[in-house]
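S.K.: I have a structure here, written as structure tokens, and I will follow up with some questions on it.
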Amino acid sequence: MAKGLFNGAFKGIDAFGKTMDDVKVKTRTGGLLTMLSAALILAFTFIEFIDYRRVYVDTSVLVDRSRGEKLTVVLNVTFPKVPCYLVSLDVTDISGDLQLDVSHNIAKTRLTSAGLPVPAALKSSALKSELDMTVSTRGPDYCGSCYGGIEPPTGCCNTCEEVRQSYLNRGWSFGNPDAIEQCVGEHWTEKIQAQSSEGCNVAGRIKVNKVVGNILISPGKSFQQSGYNTNELVSYLRDGEPHHWGHTVEHLAFETSEEEYKVPLKEDMKKKLGMLVQPLDRHFAHARNSHFMFQYFLKVVATRYHFLDGKYVRTHQYSVTTYERDLSTGANPQLNAQGLMASRGMPGQPGAYFNFEISPMLVVHREQRQSFAHFLTSTCAIVGGVLTIAALLDSVLFSATKALKKGGTGPTSGIGLSGKLM
């Protein structure tokens, strides 16, 4: 008796009532819906499996908590109308650090008027003749004068470049090299005049502090005078050649030190984020005269990319705003693009200036994939949902067909019966 009560209790809560086989009705509509349901289940399950295997990137923005880092600026700029001896690259930042006439990890390539690199044979022959001239005219005990400039640690200025640097250290302009013995012996003036119609490509990597700063590419040697950074413009202004600072930014990027030894990860990340081409790559700037100043204002944002296998790599992205300024008008008021009279009170000098500002935000990209439990749950939902909707549709169609048959056969059967009775 207890067994009967136990079985009856469980039968009372059965949510899956069964129908007897002799009351089941199979129809062609039900078979068609079954085949259609199976096709839909297979299609939706396949789509869900593809989505389960797909890797998607989740992006979040955090506060950049890194401290004491340095950035590597990868720079490649071509100046077709400025010779290399007039190009100076300086770096300044808000912390007070100053790098004048940067040459470490920077290559200046001389270009012909056609934009092609000067053949190495011309460079080597010029260097060889200069060395031969120096050896033949100066003895081993030669100690050249610095002509009033600040002497180097050796106390001697044996080359024209050393005399020029001593002048700059004193804050003087190096305007008359023909009066310098070392420059005359090295044929410095003739060498400079031979290069006056050339162009220059500046390329390399620069280490900068991760603070607000500037990269200045301007004419003439840089030197400090009364606490201010000054450029020697005499050679640029008295050259006689139609120099101008129109240029092409071949490439400009901000990188971290770890990208140098994570090259495969870096390339994969840039490909996935669409960073193979930077905002300033192949940017051309045209100058209408030799007194044009080009300014680039860059907002640098730290970026970290996490791969699915747990590896990650850090880099930097940037946005840029460009500004051109014609210095030949001076501070005189001029009509601007809006038709208003405007004057510029801040002085300037020709060149290309890259002003970068570091954002306090860190953009984190993280590769993710759906879990297997999510895929299993979605598959069950697909099967149950398709079968439920198909069952409802079959029930509606079956009831409608049954009602139509009853409505169509009732009057006909009555007429036939009365006919037989008659």
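By convention here, the chains of the structure tokens are called A, B, ... in the order presented, each chain's residues are numbered starting at 1, and ligands are numbered starting at 1 in the order presented.
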If we count only C-alpha atoms, what is near stretch 253-269 of chain A at a cut-off of 8 Å, once residues fewer than 2 positions away on the same chain are taken out, given as a list in words?
M.R.: Lys70, Leu71, Thr72, Val73, Val74, Leu75, His251, Lys271, Lys272, Leu273, Leu276, Gln278, Val300, Tyr305, Tyr312, Val313, Arg314, Thr315, His316, Gln317 and Tyr318 of chain A
S.K.: Do a neighbour search on stretch 148-150 of chain A at 10 Å with only C-alpha atoms, toss out local chain neighbours closer than 3 positions, and write the hits as JSON, numbers by chain.
M.R.: {"A": [145, 153, 155, 157, 162, 163, 164, 165, 166, 167, 168, 169, 170, 171, 172]}
S.K.: Between atom CA of A:Thr112 and atom CA of A:Glu198, measure the distance and give it in Å to one decimal.
M.R.: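 Atom-to-atom, atom CA of A:Thr112 to atom CA of A:Glu198, that is 5.1 Å.
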S.K.: Enumerate the residues of stretch 256-407 of chain A with a DSSP assignment of strand (DSSP E or B), computed from the backbone, and present them as a ChimeraX atom specification.
M.R.: /A:283-285,292-306,312-326,334-335,341-342,351-368
S.K.: What is the atom CA of A:His365-atom CA of A:Ser66 distance in Å, reported with one decimal?
M.R.: 16.9 Å
S.K.: Work out how far atom CA of A:Ile389 is from atom CA of A:Ser37, in Å to one decimal.
M.R.: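 Between atom CA of A:Ser37 and atom CA of A:Ile389 the gap works out to 9.1 Å.
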S.K.: Any idea what's packed within 9 Å of A:Tyr56, counting only C-alpha atoms, ignoring anything in its chain fewer than 2 positions away? Could you give it as a PyMOL selection string?
M.R.: chain A and resi 54+58+366-369
S.K.: May I have the residues within 7 Å of A:His283 as a ChimeraX atom specification, using only C-alpha atoms and disregarding those fewer than 4 positions away in the same chain?
M.R.: /A:248-250
S.K.: I'd like the contact shell of A:Leu397 - 12 Å cut-off, only C-alpha atoms, skipping same-chain residues fewer than 2 positions apart - returned as a ChimeraX atom specification.
M.R.: /A:27-30,32-33,390-395,399-404
S.K.: So, with only C-alpha atoms as the atoms that count, which of A:Val202, A:Cys143, A:Cys380, A:Val208 lies closest to A:Val82?
M.R.: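 Among the listed residues, the smallest separation from A:Val82 belongs to A:Val202.
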S.K.: Kindly assemble as a tab-separated table a list of the stretch 136-178 of chain A residues that lie within 9 Å of stretch 182-191 of chain A, each paired with its nearest atom pair and their distance in Å to one decimal, using only C-alpha atoms, sorted first by chain and then by ascending residue number.
M.R.:
residue	atom	partner	partner_atom	distance
A:Thr137	CA	A:Gly185	CA	7.6
A:Gly144	CA	A:Gln182	CA	7.4
A:Ser145	CA	A:Gln182	CA	8.8
A:Cys157	CA	A:Gln182	CA	8.3
A:Asn158	CA	A:Gln182	CA	6.7
A:Thr159	CA	A:Gln182	CA	5.5
A:Cys160	CA	A:Cys183	CA	4.7
A:Glu161	CA	A:Cys183	CA	8.1
A:Val163	CA	A:Gln182	CA	8.0
A:Pro177	CA	A:Cys183	CA	5.9
A:Asp178	CA	A:Val184	CA	5.8
S.K.: From the list A:Leu298, A:Leu280, A:Leu362, A:Val211, which residue is nearest A:Arg65 when using only C-alpha atoms?
M.R.: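 Closest to A:Arg65 of all the choices is A:Leu362.
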S.K.: Pick the closest to A:Val301 from A:Lys406, A:Lys210, A:His104, A:Lys270: which is it, counting only C-alpha atoms?
M.R.: A:Lys210
S.K.: Which residue is closest to A:Ser196? Choose from A:Val87, A:Ala381, A:Ala39, A:Ile215 and count only C-alpha atoms.
M.R.: A:Val87
